[in-house]
$ cat structure-v2.txt   # compact mmCIF, C-alpha atoms
# COMPACT_ATOMS: atom_id res chain seq x y z
CA MET A 788 -20.19 -0.47 11.90
CA PRO A 789 -19.33 -2.53 8.78
CA PRO A 790 -16.03 -4.48 8.85
CA ARG A 791 -12.97 -2.64 7.64
CA LEU A 792 -11.86 -3.33 4.10
CA GLN A 793 -8.45 -4.81 3.36
CA GLU A 794 -6.31 -2.78 0.99
CA PRO A 795 -6.80 -5.08 -2.05
CA THR A 796 -10.56 -5.06 -1.49
CA PHE A 797 -10.53 -1.29 -1.12
CA LEU A 798 -8.66 -0.96 -4.40
CA ILE A 799 -10.94 -3.41 -6.21
CA LEU A 800 -13.99 -1.42 -5.13
CA THR A 801 -12.29 1.83 -6.11
CA ALA A 802 -11.47 0.46 -9.55
CA LEU A 803 -15.03 -0.73 -10.05
CA ALA A 804 -16.41 2.64 -8.91
CA GLU A 805 -15.09 4.11 -12.15
CA ALA A 806 -16.69 1.66 -14.53
CA PRO A 807 -17.59 -2.02 -14.94
CA LEU A 808 -14.42 -4.01 -15.56
CA HIS A 809 -13.51 -7.57 -16.50
CA GLY A 810 -10.93 -9.58 -14.56
CA TYR A 811 -7.83 -8.67 -16.51
CA ALA A 812 -8.68 -4.96 -16.68
CA LEU A 813 -9.44 -5.00 -12.97
CA LEU A 814 -6.00 -6.46 -12.17
CA ARG A 815 -4.30 -3.76 -14.19
CA ARG A 816 -6.43 -0.94 -12.76
CA VAL A 817 -5.71 -2.04 -9.19
CA GLU A 818 -2.00 -2.01 -10.00
CA GLU A 819 -2.28 1.49 -11.46
CA LEU A 820 -4.31 2.86 -8.58
CA SER A 821 -1.75 1.56 -6.08
CA ASP A 822 1.22 2.86 -8.08
CA GLY A 823 2.37 -0.71 -8.62
CA ARG A 824 2.37 -1.63 -4.91
CA VAL A 825 -0.54 -4.04 -5.14
CA ARG A 826 -0.30 -6.69 -7.87
CA LEU A 827 -3.16 -9.10 -7.49
CA ARG A 828 -2.94 -12.63 -8.84
CA ALA A 829 -5.88 -14.22 -10.60
CA GLY A 830 -6.61 -16.64 -7.75
CA THR A 831 -6.62 -13.84 -5.20
CA LEU A 832 -8.73 -11.59 -7.40
CA TYR A 833 -11.45 -14.18 -7.95
CA ALA A 834 -11.50 -15.19 -4.30
CA ALA A 835 -12.09 -11.52 -3.46
CA LEU A 836 -14.69 -11.09 -6.21
CA ASP A 837 -16.59 -14.18 -5.06
CA ARG A 838 -16.69 -12.80 -1.54
CA LEU A 839 -17.70 -9.30 -2.65
CA VAL A 840 -20.44 -10.65 -4.90
CA GLY A 841 -21.65 -12.80 -2.00
CA GLU A 842 -21.74 -9.76 0.27
CA GLY A 843 -23.63 -7.75 -2.35
CA LEU A 844 -20.89 -5.13 -2.74
CA VAL A 845 -20.18 -6.13 -6.34
CA ALA A 846 -22.53 -7.38 -9.05
CA VAL A 847 -21.94 -9.20 -12.31
CA GLU A 848 -22.75 -6.73 -15.05
CA GLY A 849 -22.58 -9.00 -18.08
CA GLU A 850 -20.28 -11.13 -20.14
CA GLU A 851 -18.90 -11.40 -23.64
CA VAL A 852 -16.58 -13.65 -25.59
CA VAL A 853 -13.48 -11.97 -27.00
CA GLU A 854 -11.18 -14.00 -29.22
CA GLY A 855 -12.77 -17.18 -27.98
CA ARG A 856 -12.29 -16.29 -24.32
CA LEU A 857 -14.93 -15.47 -21.77
CA ARG A 858 -14.92 -12.04 -20.17
CA ARG A 859 -17.25 -11.32 -17.31
CA TYR A 860 -17.78 -7.74 -16.24
CA TYR A 861 -18.16 -6.69 -12.64
CA ASN A 862 -19.74 -3.50 -11.34
CA LEU A 863 -20.00 -1.80 -7.98
CA SER A 864 -23.43 -2.11 -6.39
CA GLU A 865 -25.14 0.59 -4.34
CA ILE A 866 -24.09 -1.19 -1.17
CA GLY A 867 -20.55 -1.33 -2.55
CA HIS A 868 -20.60 2.41 -3.22
CA HIS A 869 -21.76 3.04 0.32
CA ALA A 870 -19.12 0.72 1.83
CA LEU A 871 -16.36 2.33 -0.24
CA ALA A 872 -17.47 5.85 0.70
CA LEU A 873 -17.59 4.87 4.36
CA GLU A 874 -14.12 3.36 4.22
CA ALA A 875 -12.70 6.37 2.35
CA HIS A 876 -14.21 8.65 4.98
CA ARG A 877 -12.65 6.54 7.71
CA TRP A 878 -9.25 6.66 6.07
CA LYS A 879 -9.60 10.41 5.55
CA ALA A 880 -10.32 10.88 9.25
CA ASN A 881 -7.39 8.60 10.17
CA VAL A 882 -5.03 10.49 7.88
CA ALA A 883 -6.19 13.84 9.29
CA ALA A 884 -5.69 12.58 12.84
CA ALA A 885 -2.22 11.24 12.00
CA ASN A 886 -1.26 14.56 10.36
CA ARG A 887 -2.46 16.51 13.39
CA VAL A 888 -0.41 14.33 15.74
CA LEU A 889 2.67 14.44 13.52
CA ALA A 890 2.43 18.22 13.25
CA ALA A 891 2.20 18.53 17.02
CA HIS A 892 5.06 16.07 17.65
CA PRO A 893 7.61 16.32 14.86
CA ALA A 894 10.43 13.81 14.89
CA GLU A 895 13.72 15.00 16.35
CA GLY A 896 16.02 16.45 13.72
CA LEU A 897 13.10 17.21 11.39
CA ALA A 898 11.65 20.07 13.43
CA MET B 711 -17.52 -1.46 -21.71
CA SER B 712 -14.60 0.58 -20.66
CA ALA B 713 -10.99 -0.11 -19.77
CA GLU B 714 -10.31 -2.24 -22.82
CA LEU B 715 -6.62 -2.66 -22.19
CA PRO B 716 -4.28 -4.16 -24.76
CA THR B 717 -4.06 -7.90 -24.31
CA PRO B 718 -0.69 -9.38 -25.11
CA LEU B 719 -1.42 -12.78 -26.60
CA PRO B 720 1.32 -15.40 -26.48
CA GLU B 721 2.24 -17.39 -29.55
CA PRO B 722 -0.21 -20.17 -30.42
CA VAL B 723 2.14 -23.11 -29.72
CA GLU B 724 3.22 -21.71 -26.36
CA LEU B 725 -0.37 -20.78 -25.57
CA SER B 726 -1.60 -24.36 -25.77
CA ALA B 727 1.15 -25.61 -23.46
CA LEU B 728 0.53 -22.77 -21.02
CA GLU B 729 -3.20 -23.21 -21.23
CA ARG B 730 -2.88 -26.92 -20.53
CA ARG B 731 -0.77 -26.23 -17.45
CA TYR B 732 -3.12 -23.55 -16.18
CA ARG B 733 -6.06 -25.89 -16.68
CA ARG B 734 -4.24 -28.52 -14.63
CA LEU B 735 -3.89 -26.01 -11.79
CA LEU B 736 -7.50 -24.87 -12.10
CA ALA B 737 -8.58 -28.50 -11.85
CA LEU B 738 -7.62 -28.27 -8.17
CA TYR B 739 -10.65 -26.05 -7.52
CA PRO B 740 -14.01 -27.61 -6.59
CA ALA B 741 -16.27 -28.50 -9.51
CA ALA B 742 -18.86 -25.85 -8.63
CA TRP B 743 -16.23 -23.12 -8.65
CA ARG B 744 -14.84 -24.35 -11.97
CA ALA B 745 -18.26 -24.33 -13.55
CA ARG B 746 -18.58 -20.68 -12.52
CA HIS B 747 -15.10 -19.34 -13.21
CA ASP B 748 -12.90 -21.80 -15.09
CA ASP B 749 -12.95 -20.20 -18.55
CA GLU B 750 -13.02 -16.70 -17.16
CA VAL B 751 -9.98 -17.15 -14.90
CA LEU B 752 -8.11 -19.04 -17.59
CA ALA B 753 -8.62 -16.08 -19.94
CA VAL B 754 -7.27 -13.69 -17.29
CA LEU B 755 -4.26 -15.91 -16.61
CA LEU B 756 -3.42 -16.15 -20.29
CA GLU B 757 -3.86 -12.42 -20.79
CA CYS B 758 -1.52 -11.72 -17.88
CA ALA B 759 1.17 -14.08 -19.14
CA PRO B 760 4.02 -12.42 -21.03
CA PRO B 761 4.49 -13.53 -24.66
CA GLY B 762 6.48 -16.72 -25.06
CA ARG B 763 5.80 -18.08 -21.60
CA ALA B 764 5.13 -21.81 -21.63
CA ARG B 765 4.83 -22.45 -17.90
CA PRO B 766 2.91 -20.67 -15.18
CA SER B 767 5.07 -18.53 -12.92
CA TRP B 768 5.63 -20.05 -9.50
CA ARG B 769 3.80 -17.10 -7.95
CA ASP B 770 0.72 -17.79 -10.10
CA ALA B 771 0.96 -21.51 -9.39
CA CYS B 772 1.22 -20.96 -5.62
CA ASP B 773 -1.62 -18.45 -5.73
CA LEU B 774 -3.91 -20.86 -7.59
CA VAL B 775 -3.01 -23.85 -5.40
CA ALA B 776 -3.51 -21.87 -2.19
CA HIS B 777 -6.86 -20.45 -3.27
CA ALA B 778 -8.03 -23.79 -4.62
CA LEU B 779 -7.29 -25.30 -1.22
CA MET B 780 -9.05 -22.46 0.57
CA GLU B 781 -12.03 -22.81 -1.74
CA ARG B 782 -12.25 -26.50 -0.89
CA LEU B 783 -11.88 -25.86 2.82
CA ARG B 784 -14.56 -23.16 2.66
CA GLY B 785 -17.15 -25.87 2.14
CA VAL B 786 -15.96 -27.54 5.33
CA GLY B 787 -16.16 -24.40 7.37
CA ARG B 788 -19.52 -23.17 6.16
CA SER B 789 -21.99 -22.74 8.94
CA PRO B 790 -24.57 -25.49 8.87
CA THR B 791 -28.15 -24.36 8.59
CA SER B 792 -30.80 -25.52 11.04
CA GLU B 793 -32.04 -27.88 8.32
CA ASP B 794 -28.53 -29.37 7.99
CA ALA B 795 -28.42 -29.88 11.75
CA ARG B 796 -31.86 -31.49 11.82
CA SER B 797 -31.04 -33.81 8.94
CA GLY B 798 -27.65 -34.65 10.44
CA VAL B 799 -29.11 -35.60 13.79
CA ALA B 800 -31.87 -37.56 12.09
CA LEU B 801 -29.28 -39.48 10.08
CA ALA B 802 -27.31 -40.13 13.25
CA ALA B 803 -30.42 -41.50 14.93
CA ILE B 804 -31.04 -43.91 12.07
CA VAL B 805 -27.46 -45.15 12.08
CA ALA B 806 -27.40 -45.36 15.89
CA LEU B 807 -30.39 -47.64 15.78
CA ALA B 808 -28.82 -49.67 13.01
CA VAL B 809 -25.64 -50.21 14.97
CA LEU B 810 -27.42 -51.16 18.13
CA ALA B 811 -29.64 -53.49 16.14
CA ALA B 812 -26.58 -55.13 14.59
CA LEU B 813 -25.10 -55.64 18.03
CA SER B 814 -28.35 -57.05 19.29
CA LEU B 815 -28.54 -59.51 16.40
CA GLN B 816 -24.96 -60.51 16.97
CA GLN B 817 -25.60 -61.17 20.63
CA LEU B 818 -28.87 -63.00 20.14
CA VAL B 819 -27.82 -65.18 17.20
CA VAL B 820 -24.22 -65.94 18.10
CA ILE B 821 -24.13 -65.81 21.88
CA ALA B 822 -27.55 -66.84 23.09
CA PRO B 823 -27.42 -70.51 21.95
CA ASN B 824 -24.23 -70.99 23.98
CA ALA B 825 -25.26 -68.80 26.88
CA GLY B 826 -25.66 -71.72 29.26
CA SER B 827 -22.11 -72.93 28.87
CA TRP B 828 -20.76 -69.39 29.38
CA GLY B 829 -22.73 -68.79 32.54
CA LEU B 830 -24.84 -66.01 31.06
CA GLY B 831 -27.29 -64.66 33.63
CA THR B 832 -25.28 -65.81 36.61
CA GLY B 833 -22.42 -64.29 38.48
CA TYR B 834 -20.98 -60.82 38.71
CA VAL B 835 -20.54 -60.34 34.95
CA GLY B 836 -23.06 -62.83 33.62
CA ARG B 837 -26.13 -61.02 35.02
CA PRO B 838 -25.39 -57.56 33.63
CA ALA B 839 -24.33 -59.19 30.34
CA LEU B 840 -27.76 -60.82 30.07
CA ILE B 841 -29.46 -57.50 30.82
CA ALA B 842 -27.32 -55.78 28.18
CA MET B 843 -28.30 -58.45 25.66
CA LEU B 844 -31.99 -57.94 26.41
CA ALA B 845 -31.51 -54.20 26.13
CA SER B 846 -29.95 -54.65 22.71
CA ALA B 847 -32.89 -56.81 21.69
CA GLY B 848 -35.09 -53.89 22.73
CA CYS B 849 -33.23 -51.77 20.26
CA LEU B 850 -33.82 -54.26 17.48
CA THR B 851 -37.50 -54.15 18.34
CA ALA B 852 -37.39 -50.35 18.19
CA CYS B 853 -35.97 -50.47 14.68
CA VAL B 854 -38.66 -52.82 13.45
CA CYS B 855 -41.42 -50.79 15.12
CA TRP B 856 -40.14 -47.56 13.64
CA LEU B 857 -40.02 -49.06 10.16
CA ALA B 858 -43.56 -50.29 10.61
CA GLY B 859 -44.63 -46.76 11.54
CA ARG B 860 -45.31 -47.62 15.21
CA ARG B 861 -43.43 -44.71 16.65
CA ARG B 862 -44.80 -44.87 20.19
CA LEU B 863 -43.93 -48.52 20.49
CA ALA B 864 -40.50 -47.77 19.08
CA CYS B 865 -39.96 -45.09 21.71
CA ALA B 866 -41.03 -47.50 24.45
CA ALA B 867 -38.52 -50.06 23.16
CA ILE B 868 -35.78 -47.44 23.14
CA ALA B 869 -36.68 -46.49 26.70
CA PHE B 870 -36.38 -50.16 27.64
CA THR B 871 -32.97 -50.31 25.96
CA ASP B 872 -31.93 -47.18 27.77
CA GLY B 873 -32.97 -48.56 31.12
CA GLY B 874 -31.37 -51.95 30.45
CA PHE B 875 -28.01 -50.44 29.60
CA LEU B 876 -28.21 -48.19 32.66
CA VAL B 877 -28.90 -51.11 34.99
CA ALA B 878 -26.19 -53.27 33.41
CA SER B 879 -23.70 -50.44 33.57
CA LEU B 880 -24.45 -49.74 37.22
CA MET B 881 -24.11 -53.42 38.07
CA LEU B 882 -20.64 -53.39 36.52
CA ARG B 883 -19.78 -50.02 37.99
CA HIS B 884 -17.59 -51.36 40.79
CA GLY B 885 -15.21 -54.18 40.07
CA SER B 886 -12.70 -55.44 37.57
CA TYR B 887 -15.10 -54.80 34.65
CA SER B 888 -15.81 -51.26 35.81
CA VAL B 889 -17.66 -49.12 33.27
CA SER B 890 -16.80 -45.44 33.20
CA TRP B 891 -19.48 -42.83 33.65
CA SER B 892 -18.57 -41.30 30.31
CA LEU B 893 -19.62 -44.52 28.57
CA ILE B 894 -22.84 -44.69 30.53
CA VAL B 895 -23.66 -41.08 29.67
CA ALA B 896 -22.76 -41.73 26.01
CA ILE B 897 -25.09 -44.71 25.78
CA LEU B 898 -27.93 -42.97 27.55
CA GLY B 899 -27.48 -39.76 25.60
CA LEU B 900 -27.51 -41.54 22.29
CA ALA B 901 -30.57 -43.56 23.17
CA ALA B 902 -32.34 -40.41 24.36
CA VAL B 903 -31.57 -38.64 21.08
CA ALA B 904 -32.82 -41.62 19.09
CA SER B 905 -35.96 -41.77 21.19
CA LEU B 906 -36.73 -38.08 20.78
CA LEU B 907 -36.16 -38.22 17.06
CA MET B 908 -38.24 -41.32 16.58
CA ALA B 909 -41.11 -39.64 18.36
CA HIS B 910 -40.99 -36.76 15.91
CA ARG B 911 -42.61 -37.64 12.63
CA ALA B 912 -41.17 -34.78 10.60
CA VAL B 913 -37.60 -35.43 11.65
CA SER B 914 -37.77 -39.17 11.20
CA GLU B 915 -39.08 -38.66 7.69
CA ALA B 916 -36.34 -36.15 6.98
CA GLY B 917 -33.86 -38.80 8.04
CA ARG B 918 -35.51 -41.40 5.89
CA GLU B 919 -35.27 -39.13 2.87
CA LEU B 920 -31.52 -39.29 3.20
CA ILE B 921 -31.56 -42.99 2.44
CA GLY B 922 -29.99 -43.59 -0.93
CA ARG B 923 -28.46 -40.15 -1.04
CA ARG B 924 -24.77 -39.51 -1.01
CA GLY B 925 -24.88 -38.28 2.57
CA PHE B 926 -25.36 -41.78 3.88
CA VAL B 927 -22.44 -43.18 1.91
CA GLU B 928 -20.29 -40.37 3.25
CA LEU B 929 -21.40 -41.04 6.78
CA ILE B 930 -20.57 -44.72 6.56
CA GLY B 931 -17.16 -43.89 5.15
CA ALA B 932 -16.51 -41.48 7.97
CA LEU B 933 -17.60 -44.04 10.54
CA LEU B 934 -15.44 -46.70 8.94
CA LEU B 935 -12.44 -44.46 9.12
CA VAL B 936 -13.05 -43.43 12.70
CA ALA B 937 -13.51 -47.06 13.70
CA GLU B 938 -10.45 -48.25 11.80
CA ILE B 939 -8.14 -45.43 12.79
CA GLY B 940 -9.42 -45.71 16.35
CA GLY B 941 -8.64 -49.42 16.42
CA TRP B 942 -5.44 -48.89 14.42
CA ARG B 943 -5.30 -52.58 13.66
CA HIS B 944 -6.18 -52.43 9.98
CA VAL B 945 -3.55 -49.77 9.41
CA ALA B 946 -1.01 -51.82 11.29
CA TRP B 947 -1.57 -54.97 9.29
CA ALA B 948 -1.56 -53.04 6.06
CA GLY B 949 2.09 -52.43 6.78
CA SER B 950 4.81 -54.87 7.55
CA VAL B 951 4.04 -55.29 11.22
CA TYR B 952 1.75 -58.25 10.74
CA GLY B 953 2.86 -59.40 7.29
CA SER B 954 0.27 -60.05 4.59
CA GLN B 955 -2.61 -61.07 6.85
CA SER B 956 -4.63 -59.08 9.33
CA ASP B 957 -5.13 -60.09 12.92
CA ASN B 958 -8.63 -61.23 12.05
CA GLY B 959 -7.82 -62.76 8.69
CA MET B 960 -8.45 -59.89 6.30
CA PRO B 961 -5.81 -59.71 3.53
CA ALA B 962 -3.63 -56.62 3.73
CA ALA B 963 -4.55 -55.52 0.18
CA LEU B 964 -8.22 -55.57 1.08
CA ALA B 965 -7.49 -53.65 4.25
CA VAL B 966 -5.71 -50.95 2.26
CA ALA B 967 -8.62 -50.72 -0.19
CA TYR B 968 -11.02 -50.62 2.76
CA LEU B 969 -9.10 -47.80 4.36
CA ALA B 970 -8.69 -45.90 1.08
CA ALA B 971 -12.44 -46.06 0.48
CA ALA B 972 -13.00 -44.78 3.98
CA VAL B 973 -10.60 -41.87 3.45
CA VAL B 974 -12.32 -40.86 0.20
CA ALA B 975 -15.72 -41.05 1.84
CA LEU B 976 -14.49 -39.06 4.81
CA VAL B 977 -13.17 -36.32 2.54
CA MET B 978 -16.61 -36.20 0.92
CA ALA B 979 -18.23 -36.18 4.33
CA VAL B 980 -16.32 -33.22 5.68
CA ARG B 981 -17.49 -31.17 2.72
CA ASN B 982 -21.09 -31.80 3.60
CA PRO B 983 -22.40 -30.58 6.94
CA VAL B 984 -25.13 -33.22 7.20
CA PRO B 985 -22.89 -36.32 7.56
CA LEU B 986 -20.42 -34.25 9.53
CA ILE B 987 -23.07 -33.45 12.13
CA ALA B 988 -24.21 -37.05 12.09
CA VAL B 989 -20.67 -38.31 12.75
CA THR B 990 -20.31 -35.84 15.61
CA VAL B 991 -23.55 -37.01 17.16
CA LEU B 992 -22.56 -40.63 16.65
CA SER B 993 -19.10 -40.40 18.13
CA PRO B 994 -20.38 -41.52 21.57
CA LEU B 995 -21.49 -44.72 19.88
CA LEU B 996 -17.89 -45.71 19.33
CA LEU B 997 -17.31 -45.22 23.04
CA ALA B 998 -20.45 -47.13 23.82
CA SER B 999 -19.25 -50.05 21.74
CA GLY B 1000 -16.39 -50.33 24.20
CA PHE B 1001 -18.89 -51.17 26.89
CA VAL B 1002 -20.29 -54.05 24.89
CA SER B 1003 -16.79 -55.27 24.06
CA ILE B 1004 -16.10 -55.72 27.76
CA THR B 1005 -18.91 -58.19 28.22
CA GLN B 1006 -18.34 -59.86 24.87
CA GLY B 1007 -14.63 -60.13 25.47
CA TRP B 1008 -15.50 -62.09 28.53
CA LEU B 1009 -18.06 -64.20 26.70
CA PHE B 1010 -15.82 -64.97 23.73
CA GLY B 1011 -12.74 -65.29 25.87
CA ASN B 1012 -10.99 -63.23 23.19
CA ALA B 1013 -11.33 -59.47 23.40
CA ASP B 1014 -9.62 -58.91 20.02
CA VAL B 1015 -12.27 -60.92 18.17
CA SER B 1016 -15.01 -59.05 19.99
CA VAL B 1017 -13.59 -55.64 19.22
CA ALA B 1018 -13.05 -56.55 15.54
CA LEU B 1019 -16.64 -57.76 15.27
CA LEU B 1020 -17.93 -54.62 16.93
CA ASP B 1021 -15.96 -52.29 14.69
CA ASP B 1022 -17.30 -54.04 11.62
CA ALA B 1023 -20.77 -54.22 13.12
CA ILE B 1024 -21.00 -50.42 13.07
CA PRO B 1025 -20.93 -49.88 9.32
CA LEU B 1026 -22.40 -53.27 8.45
CA GLY B 1027 -25.29 -52.80 10.83
CA ALA B 1028 -25.97 -49.38 9.44
CA VAL B 1029 -25.95 -50.72 5.89
CA ALA B 1030 -28.27 -53.58 6.80
CA PHE B 1031 -30.74 -51.29 8.52
CA LEU B 1032 -30.79 -48.80 5.70
CA VAL B 1033 -31.30 -51.53 3.12
CA LEU B 1034 -34.33 -52.66 5.10
CA ALA B 1035 -35.54 -49.08 5.46
CA SER B 1036 -35.08 -48.48 1.73
CA LEU B 1037 -37.12 -51.58 0.93
CA ALA B 1038 -39.84 -50.40 3.30
CA ALA B 1039 -39.82 -46.96 1.67
CA LEU B 1040 -39.98 -48.58 -1.79
CA ARG B 1041 -42.94 -50.70 -0.73
CA ARG B 1042 -44.71 -47.61 0.60
CA SER B 1043 -44.15 -45.62 -2.58
CA ARG B 1044 -45.33 -48.56 -4.72
CA SER B 1045 -48.46 -49.00 -2.67
CA ARG B 1046 -49.11 -45.24 -2.93
CA ALA B 1047 -48.65 -45.42 -6.70
CA LEU B 1048 -51.01 -48.37 -6.95
CA GLY B 1049 -53.50 -46.74 -4.58

$ encode --input "structure-v2.txt" --output "structure tokens"
Amino acid sequence: MPPRLQEPTFLILTALAEAPLHGYALLRRVEELSDGRVRLRAGTLYAALDRLVGEGLVAVEGEEVVEGRLRRYYNLSEIGHHALALEAHRWKANVAAANRVLAAHPAEGLA
Amino acid sequence: MSAELPTPLPEPVELSALERRYRRLLALYPAAWRARHDDEVLAVLLECAPPGRARPSWRDACDLVAHALMERLRGVGRSPTSEDARSGVALAAIVALAVLAALSLQQLVVIAPNAGSWGLGTGYVGRPALIAMLASAGCLTACVCWLAGRRRLACAAIAFTDGGFLVASLMLRHGSYSVSWSLIVAILGLAAVASLLMAHRAVSEAGRELIGRRGFVELIGALLLVAEIGGWRHVAWAGSVYGSQSDNGMPAALAVAYLAAAVVALVMAVRNPVPLIAVTVLSPLLLASGFVSITQGWLFGNADVSVALLDDAIPLGAVAFLVLASLAALRRSRSRALG
């Protein structure tokens, strides 16, 4: 069983599942996907990207220079897709289990 | 490429100030990381900054400082490979021999001419002290034999050293100069490691290859620091406790420089698993030096002088041995080139 993904990692992989993104776009997309709950900082983002690239979940897609600044694009690898799908499935099962339990035991005053 | 989001660019004047400050923070990362990400992360930071901002937000600054620190510590924590371990132990064996050889030289050159007047070879302490001196001489022989490529002879000399220290330690086991079992085990263990490594051609050559590389400098720095911090004297006389002079005559300014160099080298060492492993393997040597200080303290009549000499003998002996080994390696490579 692969290790569970932390929420920021989960969101980074989700963002990259849509399309290859550069660092700034990735920060914004993670913020959007989490409805503003998760706002990654550059240091955190690149620490996570380094780790994900090292684990083979993310690959460097290419780079370009825009207005004199380097942009490197990151993409989800096949292993990354698999890990994300596995984690999503796990969360789906957890959510279903929680809903079943909550339905069977509603909080007092809400029933 | 998709997700081309609008990038709010700050004004040029503010940008340069902000960029300079971000670069200062990014300089905290290790060089390898900066070579990979510096420009890329700087671009992201600048794109994220609201227009008009001249200083990094404290959240960004904390984030960068924390991750820079983690990135630096990651090198420390990385699991050493089997090759790292082999090279580290080989380096430890070389330095162990160098230290023991330095001690042996010290005993033979300084003490032996006056041995008669000190009663060396007679009495409760004099006999084991003589045996320990001979054992140290065996170690010197082992170093020379190993350099000359006579590995079997070198191993025999190490075995002699091992046995000599064991006998001397056991003779001092009961009495006022009692030697603890931990010291005996440390000495024997170290000698056994050196012997095994010297018998193995591949490992000894791997150790030799480290000569002249940064790993050795780092190791010496680490040893210096362990010896100095362990003794605490140099730190003490760097302060106001002893004024401007050390207890063995070294000026305080030099002591501070000495210690600073050791700290820098130690920081380098902990980032590289090879010297780190070597220091770990060598740590019993510092304990073992305590054993020799007991007999020398008696011989000199001044334990402080003996301990100071021994502490300095560790790095100096290692340097001396490696200089000799480097010269031998240079001679070999020249003769190969000529041949």

$ atom_distance --input "structure-v2.txt" --atom1 "atom CA of A:Val845" --atom2 "atom CA of A:His868"
9.1 Å

$ closest_atom_pairs --input "structure-v2.txt" --of "chain B" --to "chain A" --cutoff "6 Å" --atoms "all atoms listed in the file" --output "Markdown table"
| residue | atom | partner | partner_atom | distance |
| --- | --- | --- | --- | --- |
| B:Glu750 | CA | A:Leu857 | CA | 5.1 |
| B:Ala753 | CA | A:Arg856 | CA | 5.7 |
| B:Val754 | CA | A:Tyr811 | CA | 5.1 |
| B:Asp773 | CA | A:Gly830 | CA | 5.7 |
| B:Leu774 | CA | A:Gly830 | CA | 5.0 |
| B:His777 | CA | A:Gly830 | CA | 5.9 |

$ atom_distance --input "structure-v2.txt" --atom1 "atom CA of B:Leu735" --atom2 "atom CA of B:Gly762"
19.2 Å

$ atom_distance --input "structure-v2.txt" --atom1 "atom CA of B:Pro838" --atom2 "atom CA of B:Leu876"
9.8 Å

$ residues_around --input "structure-v2.txt" --residues "A:Trp878" --least-positions-apart "5" --cutoff "12 Å" --atoms "all atoms listed in the file" --output "list in words"
Arg791, Leu792, Gln793, Glu794, Phe797, Leu871, Ala872, Leu873, Ala883, Ala884 and Ala885 of chain A

$ residues_near_point --input "structure-v2.txt" --point "(-11.7, -25.5, -6.1)" --cutoff "8 Å" --atoms "only C-alpha atoms" --output "mmCIF file with C-alpha atoms, keeping the file's coordinate frame"
data_model
loop_
_atom_site.group_PDB
_atom_site.id
_atom_site.type_symbol
_atom_site.label_atom_id
_atom_site.label_comp_id
_atom_site.auth_asym_id
_atom_site.auth_seq_id
_atom_site.Cartn_x
_atom_site.Cartn_y
_atom_site.Cartn_z
ATOM 1 C CA LEU B 736 -7.500 -24.870 -12.100
ATOM 2 C CA ALA B 737 -8.580 -28.500 -11.850
ATOM 3 C CA LEU B 738 -7.620 -28.270 -8.170
ATOM 4 C CA TYR B 739 -10.650 -26.050 -7.520
ATOM 5 C CA PRO B 740 -14.010 -27.610 -6.590
ATOM 6 C CA ALA B 741 -16.270 -28.500 -9.510
ATOM 7 C CA ALA B 742 -18.860 -25.850 -8.630
ATOM 8 C CA TRP B 743 -16.230 -23.120 -8.650
ATOM 9 C CA ARG B 744 -14.840 -24.350 -11.970
ATOM 10 C CA HIS B 777 -6.860 -20.450 -3.270
ATOM 11 C CA ALA B 778 -8.030 -23.790 -4.620
ATOM 12 C CA LEU B 779 -7.290 -25.300 -1.220
ATOM 13 C CA MET B 780 -9.050 -22.460 0.570
ATOM 14 C CA GLU B 781 -12.030 -22.810 -1.740
ATOM 15 C CA ARG B 782 -12.250 -26.500 -0.890
#

$ residues_around --input "structure-v2.txt" --residues "A:Leu798" --least-positions-apart "5" --cutoff "8 Å" --atoms "all atoms listed in the file" --output "MDAnalysis selection string"
chainID A and resid 817 820:821

$ residues_around --input "structure-v2.txt" --residues "A:Leu803" --least-positions-apart "6" --cutoff "8 Å" --atoms "all atoms listed in the file" --output "list in words"
Leu813, Tyr861, Asn862 and Leu863 of chain A
